[in-house]
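Chemist: Sharing model15.cif here; it has mmCIF, C-alpha atoms.
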```cif
data_upload
loop_
_atom_site.label_atom_id
_atom_site.label_comp_id
_atom_site.auth_asym_id
_atom_site.auth_seq_id
_atom_site.Cartn_x
_atom_site.Cartn_y
_atom_site.Cartn_z
CA LEU A 176 -15.18 -6.23 -10.25
CA LYS A 177 -17.77 -4.37 -8.18
CA TYR A 178 -18.95 -1.78 -10.72
CA LYS A 179 -20.49 -1.53 -14.17
CA GLY A 180 -21.06 1.28 -16.67
CA LEU A 181 -20.19 4.81 -15.55
CA ARG A 182 -19.33 3.68 -12.02
CA ARG A 183 -16.77 1.27 -13.43
CA MET A 184 -15.26 4.00 -15.63
CA GLY A 185 -15.00 6.26 -12.58
CA ALA A 186 -13.36 3.50 -10.51
CA VAL A 187 -10.82 2.75 -13.26
CA LEU A 188 -10.01 6.45 -13.61
CA ALA A 189 -9.55 6.83 -9.84
CA ALA A 190 -7.25 3.80 -9.79
CA ALA A 191 -5.18 5.22 -12.65
CA ILE A 192 -4.78 8.56 -10.84
CA MET A 193 -3.75 6.76 -7.64
CA HIS A 194 -1.25 4.65 -9.59
CA GLN A 195 0.45 7.72 -11.06
CA GLY A 196 0.43 9.41 -7.66
CA PHE A 197 2.11 6.37 -6.12
CA ARG A 198 4.81 6.41 -8.83
CA LEU A 199 5.64 10.04 -8.06
CA LEU A 200 5.83 9.22 -4.36
CA PHE A 201 8.06 6.18 -4.91
CA LYS A 202 10.55 8.26 -6.89
CA ARG A 203 11.45 10.39 -3.88
CA LYS A 204 15.06 9.86 -2.85
CA LYS A 205 14.58 8.74 0.75
CA ASN A 206 11.46 6.66 0.23
CA ARG A 207 11.73 2.90 0.33
CA LEU A 208 9.02 0.75 -1.23
CA LEU A 209 7.71 -2.38 0.49
CA VAL A 210 4.93 -4.20 -1.36
CA ASN A 211 2.51 -6.88 -0.25
CA GLY A 212 2.94 -9.76 -2.69
CA ALA A 213 4.75 -10.46 -5.96
CA GLU A 214 2.02 -9.00 -8.19
CA LEU A 215 2.59 -5.48 -6.81
CA ALA A 216 6.34 -6.08 -6.95
CA ARG A 217 6.07 -6.70 -10.69
CA LEU A 218 3.86 -3.63 -11.19
CA TYR A 219 6.38 -1.35 -9.45
CA SER A 220 9.57 -3.25 -10.31
CA GLU A 221 11.33 -0.08 -11.52
CA PHE A 222 11.51 1.10 -7.89
CA ASN A 223 13.27 -2.04 -6.61
CA PRO A 224 10.58 -2.92 -4.07
CA VAL A 225 11.01 -5.29 -1.15
CA THR A 226 8.33 -7.98 -1.33
CA VAL A 227 6.62 -8.95 1.92
CA VAL A 228 3.67 -11.07 3.00
CA SER A 229 1.70 -9.41 5.78
CA GLY A 230 1.68 -11.44 8.98
CA SER A 231 -0.82 -11.45 11.82
CA VAL A 232 0.35 -14.40 13.93
CA ARG A 233 3.17 -14.27 16.44
CA THR A 234 5.77 -17.04 16.29
CA ALA A 235 4.72 -18.29 19.73
CA GLU A 236 1.15 -18.76 18.47
CA VAL A 237 2.18 -21.23 15.76
CA LYS A 238 1.20 -24.73 16.82
CA SER A 239 3.69 -27.57 17.01
CA TYR A 240 3.18 -30.48 14.64
CA ALA A 241 3.15 -32.92 17.55
CA ALA A 242 0.13 -31.12 19.02
CA ILE A 243 -1.99 -31.46 15.88
CA ARG A 244 -0.85 -34.70 14.23
CA GLU A 245 -3.80 -36.82 15.36
CA ARG A 246 -6.36 -34.02 15.39
CA ASN A 247 -9.85 -34.54 13.88
CA SER A 248 -9.30 -38.15 12.83
CA GLY A 249 -12.52 -40.08 12.30
CA GLU A 250 -14.67 -36.94 12.03
CA PRO A 251 -16.48 -35.58 8.95
CA PHE A 252 -14.10 -33.63 6.73
CA ARG A 253 -14.65 -30.00 7.68
CA ILE A 254 -13.95 -27.20 5.19
CA VAL A 255 -13.40 -23.72 6.62
CA PHE A 256 -13.93 -20.42 4.82
CA VAL A 257 -13.12 -16.96 6.23
CA GLY A 258 -14.17 -13.79 4.44
CA ARG A 259 -16.38 -10.73 4.39
CA PRO A 260 -19.71 -10.67 2.48
CA ASP A 261 -18.22 -9.61 -0.85
CA LYS A 262 -18.47 -11.31 -4.25
CA VAL A 263 -14.71 -10.94 -4.81
CA LYS A 264 -14.29 -13.64 -2.14
CA GLY A 265 -15.71 -16.20 -4.58
CA PHE A 266 -18.75 -17.40 -2.63
CA PRO A 267 -20.48 -18.95 -5.67
CA PHE A 268 -17.43 -21.13 -6.34
CA LEU A 269 -17.18 -22.10 -2.68
CA LEU A 270 -20.82 -23.18 -2.51
CA ASP A 271 -20.82 -24.89 -5.90
CA SER A 272 -17.72 -26.87 -4.89
CA PHE A 273 -19.28 -27.86 -1.59
CA HIS A 274 -22.48 -28.94 -3.33
CA GLU A 275 -20.52 -31.04 -5.81
CA LEU A 276 -18.64 -32.77 -2.97
CA LEU A 277 -21.95 -33.67 -1.33
CA LEU A 278 -23.30 -34.99 -4.65
CA ARG A 279 -20.23 -37.22 -4.87
CA GLY A 280 -21.13 -38.67 -1.50
CA ALA A 281 -18.28 -37.04 0.41
CA ASP A 282 -18.77 -36.76 4.18
CA VAL A 283 -18.07 -33.03 4.40
CA LYS A 284 -19.17 -30.04 6.47
CA LEU A 285 -18.60 -26.33 5.84
CA SER A 286 -17.87 -23.62 8.43
CA ILE A 287 -18.20 -20.02 7.20
CA VAL A 288 -16.61 -17.26 9.29
CA GLY A 289 -17.10 -13.56 8.57
CA THR A 290 -20.52 -13.81 6.96
CA THR A 291 -24.00 -14.74 8.12
CA PHE A 292 -26.65 -16.58 6.12
CA GLU A 293 -28.72 -13.39 5.99
CA GLU A 294 -25.78 -11.42 4.52
CA LEU A 295 -25.09 -14.12 1.97
CA VAL A 296 -28.67 -13.99 0.71
CA GLY A 297 -29.50 -10.32 1.33
CA ILE A 298 -26.27 -8.50 0.42
CA MET A 299 -24.96 -10.79 -2.32
CA GLY A 300 -28.20 -12.37 -3.49
CA ILE A 301 -26.70 -15.87 -3.39
CA ASP A 302 -29.16 -18.72 -3.08
CA VAL A 303 -28.15 -21.47 -0.66
CA SER A 304 -29.89 -24.67 -1.64
CA SER A 305 -32.00 -26.18 1.14
CA GLU A 306 -30.61 -29.60 0.29
CA PHE A 307 -27.21 -28.75 1.74
CA LYS A 308 -27.89 -25.73 3.98
CA ASP A 309 -27.96 -27.97 7.07
CA SER A 310 -24.36 -29.00 6.35
CA ILE A 311 -23.17 -25.37 6.65
CA THR A 312 -22.48 -23.52 9.90
CA PHE A 313 -22.39 -19.70 9.80
CA HIS A 314 -20.32 -18.07 12.54
CA GLY A 315 -20.53 -14.40 11.53
CA VAL A 316 -17.69 -11.98 12.24
CA LEU A 317 -15.04 -13.27 14.66
CA THR A 318 -11.76 -11.77 15.77
CA TRP A 319 -8.65 -13.78 16.65
CA GLY A 320 -9.49 -15.52 19.90
CA PRO A 321 -10.58 -18.86 21.41
CA GLU A 322 -13.67 -19.33 19.23
CA TYR A 323 -11.85 -18.45 16.00
CA VAL A 324 -8.92 -20.69 16.90
CA GLN A 325 -11.25 -23.58 17.79
CA ILE A 326 -13.03 -23.35 14.43
CA MET A 327 -9.75 -23.31 12.53
CA GLU A 328 -8.32 -26.18 14.57
CA SER A 329 -11.42 -28.26 13.88
CA GLY A 330 -11.00 -27.75 10.13
CA HIS A 331 -9.38 -30.26 7.82
CA CYS A 332 -8.69 -27.56 5.22
CA LEU A 333 -9.40 -23.91 4.46
CA VAL A 334 -10.71 -22.97 1.00
CA LEU A 335 -10.31 -19.43 -0.33
CA PRO A 336 -11.67 -19.19 -3.92
CA SER A 337 -11.23 -15.42 -4.30
CA ILE A 338 -11.55 -13.63 -7.64
CA SER A 339 -9.28 -10.80 -6.49
CA GLU A 340 -6.90 -10.72 -3.51
CA GLY A 341 -3.87 -9.23 -1.85
CA THR A 342 -1.96 -11.54 0.50
CA PRO A 343 -4.71 -12.80 2.83
CA ARG A 344 -3.63 -13.11 6.44
CA VAL A 345 -6.11 -15.94 6.94
CA LEU A 346 -3.84 -18.19 4.86
CA ILE A 347 -1.11 -17.68 7.46
CA GLU A 348 -3.51 -17.99 10.40
CA ALA A 349 -4.93 -21.28 9.10
CA ARG A 350 -1.54 -22.89 8.55
CA ALA A 351 -0.27 -21.62 11.91
CA LEU A 352 -3.10 -23.61 13.51
CA GLY A 353 -2.50 -26.75 11.45
CA CYS A 354 -5.22 -26.27 8.84
CA PRO A 355 -3.90 -26.78 5.26
CA VAL A 356 -5.09 -24.34 2.60
CA ILE A 357 -6.55 -24.39 -0.91
CA ALA A 358 -6.65 -20.96 -2.57
CA ALA A 359 -7.12 -19.33 -5.94
CA ASN A 360 -3.97 -18.51 -7.88
CA VAL A 361 -4.61 -14.76 -7.99
CA GLY A 362 -3.11 -11.49 -6.74
CA GLY A 363 -0.63 -11.93 -3.91
CA ILE A 364 -1.77 -15.44 -2.94
CA PRO A 365 1.09 -17.18 -4.85
CA SER A 366 3.49 -15.10 -2.73
CA SER A 367 2.08 -16.87 0.33
CA ILE A 368 1.58 -20.40 -1.05
CA THR A 369 3.97 -22.69 -2.87
CA HIS A 370 1.79 -25.15 -4.79
CA GLU A 371 1.76 -28.69 -3.34
CA VAL A 372 4.44 -27.69 -0.80
CA ASP A 373 2.58 -25.70 1.85
CA GLY A 374 -0.82 -25.48 0.18
CA ILE A 375 -2.74 -26.00 -3.05
CA LEU A 376 -3.22 -23.33 -5.71
CA VAL A 377 -6.20 -23.61 -8.06
CA PRO A 378 -7.17 -21.55 -11.13
CA VAL A 379 -9.54 -18.62 -10.53
CA LYS A 380 -13.27 -19.43 -10.87
CA ASN A 381 -12.54 -23.14 -11.26
CA THR A 382 -14.95 -25.20 -9.19
CA ASP A 383 -13.66 -28.52 -10.53
CA GLU A 384 -10.11 -27.85 -9.31
CA ILE A 385 -11.36 -26.88 -5.86
CA VAL A 386 -13.31 -30.13 -5.65
CA GLU A 387 -10.31 -32.15 -6.80
CA GLY A 388 -8.09 -30.39 -4.26
CA VAL A 389 -10.44 -31.23 -1.40
CA MET A 390 -10.86 -34.82 -2.59
CA ARG A 391 -7.08 -35.23 -2.73
CA LEU A 392 -6.73 -34.04 0.87
CA MET A 393 -9.52 -36.41 1.92
CA LYS A 394 -7.98 -39.43 0.21
CA ASP A 395 -4.26 -38.79 0.71
CA GLU A 396 -3.64 -38.25 4.41
CA ASN A 397 0.14 -38.39 3.95
CA PHE A 398 -0.06 -35.48 1.51
CA ARG A 399 -2.33 -33.52 3.87
CA GLN A 400 0.08 -34.07 6.75
CA GLN A 401 2.99 -32.91 4.61
CA LEU A 402 1.11 -29.70 3.80
CA ILE A 403 0.44 -29.23 7.52
CA LYS A 404 4.13 -29.63 8.40
CA ASN A 405 5.31 -27.25 5.69
CA GLY A 406 2.47 -24.83 6.42
CA LEU A 407 3.61 -24.50 10.01
CA GLU A 408 7.09 -23.54 8.84
CA THR A 409 5.69 -21.04 6.34
CA SER A 410 3.57 -19.37 9.02
CA LYS A 411 6.69 -18.97 11.17
CA ARG A 412 8.52 -17.37 8.24
CA PHE A 413 5.63 -14.95 7.75
CA SER A 414 5.17 -14.25 11.46
CA LEU A 415 4.34 -10.80 12.81
CA GLU A 416 7.87 -10.47 14.17
CA ASN A 417 9.50 -11.21 10.80
CA PHE A 418 7.02 -8.91 9.07
CA ALA A 419 8.06 -6.10 11.43
CA LYS A 420 11.77 -6.76 10.88
CA VAL A 421 11.46 -5.81 7.21
CA PHE A 422 10.05 -2.39 8.14
CA ILE A 423 12.65 -1.86 10.85
CA SER A 424 15.43 -2.70 8.41
CA ALA A 425 14.06 -0.27 5.82
CA ILE A 426 13.87 2.54 8.39
CA GLU A 427 17.33 1.85 9.84
CA SER A 428 18.88 1.98 6.36
CA TYR A 429 18.16 5.73 6.36
CA VAL A 430 18.98 6.49 9.99
#
```
Spit out the file's structure as structure tokens when you get a sec.
Modeler:
Amino acid sequence: LKYKGLRRMGAVLAAAIMHQGFRLLFKRKKNRLLVNGAELARLYSEFNPVTVVSGSVRTAEVKSYAAIRERNSGEPFRIVFVGRPDKVKGFPFLLDSFHELLLRGADVKLSIVGTTFEELVGIMGIDVSSEFKDSITFHGVLTWGPEYVQIMESGHCLVLPSISEGTPRVLIEARALGCPVIAANVGGIPSSITHEVDGILVPVKNTDEIVEGVMRLMKDENFRQQLIKNGLETSKRFSLENFAKVFISAIESYV
């Protein structure tokens, strides 16, 4: 996705060499393969991999539903995005969707974490229209902590319109804090989200589906609350402790 011409050919060749190297490594008798997401599991299915979803939230950090049930009622609908300044994160689709929501008269705000306005324009060359720039707040890079948690807790949903992905930890972090998620159906994301159960999956590069997903959460509060409840349970299942247990089990099987 990042390269063209000779650079792309070089990147594809390097990936092919790595792939064959991995296959040789996975064949070793005492090696056990754990993969992040179902897409990699399909790619290396001959090695009977264990599929995991990487966790970054401890079970104790997952909010209770009672603590968030009435949160943010009566406020503008706030969309949260978390990601580095990279085109694979789908910034054009995020901004186009947000613009379309504003054109429809929706009372929405957008919080962007991980990227500044200057990076968006300078590094990626993306133009942010002046007509909706004031509705966007840029927070730059934040680590897990009070400010990050406050932003996520103030959000009504997180949108992740990536073109390419693994199993983003932010999807677990958002749901652990009571923020339902809308994400592109790509890479390992479907391993983390069950559509319309604990989140919404949308086709890659599909602005219309992102808009419809946000509008549904705005109009159907019962549905949004159901996603919140189920999302909390999913984040517990993918907690850091449970993530570690898979590795411990794999190691102990050879001890």
Chemist: Which is closest to Val257 of chain A among A:Glu214, A:Asp282, A:Glu221, A:Glu348, if we use all atoms listed in the file?
Modeler: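 When distances to Val257 of chain A are compared using all atoms listed in the file, the smallest one comes from A:Glu348.
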Chemist: On this structure, the PyMOL selection byres ((chain A and resi 283-285) around 12) would catch which residues? List them as JSON, numbers by chain, sorted by chain and number.
Modeler: {"A": [249, 250, 251, 252, 253, 254, 255, 256, 257, 269, 270, 272, 273, 274, 275, 276, 277, 278, 279, 280, 281, 282, 286, 287, 288, 307, 308, 309, 310, 311, 312, 313, 314, 326, 327, 329, 330, 331, 332, 333, 334, 386, 389, 390, 392, 393]}
Chemist: Just give me the gap between atom CA of Tyr178 of chain A and atom CA of Arg198 of chain A in Å, one decimal is fine.
Modeler: 25.2 Å
Chemist: Quick one: of A:Phe201, A:Ile375, A:Ala235, A:Thr290, who's nearest to Arg391 of chain A, counting only C-alpha atoms?
Modeler: A:Ile375
Chemist: Contacts of Glu408 of chain A at 9 Å or less, counting all atoms listed in the file, minus same-chain residues fewer than 5 places along, as a PyMOL selection string?
Modeler: chain A and resi 237+350-351+373+403+413
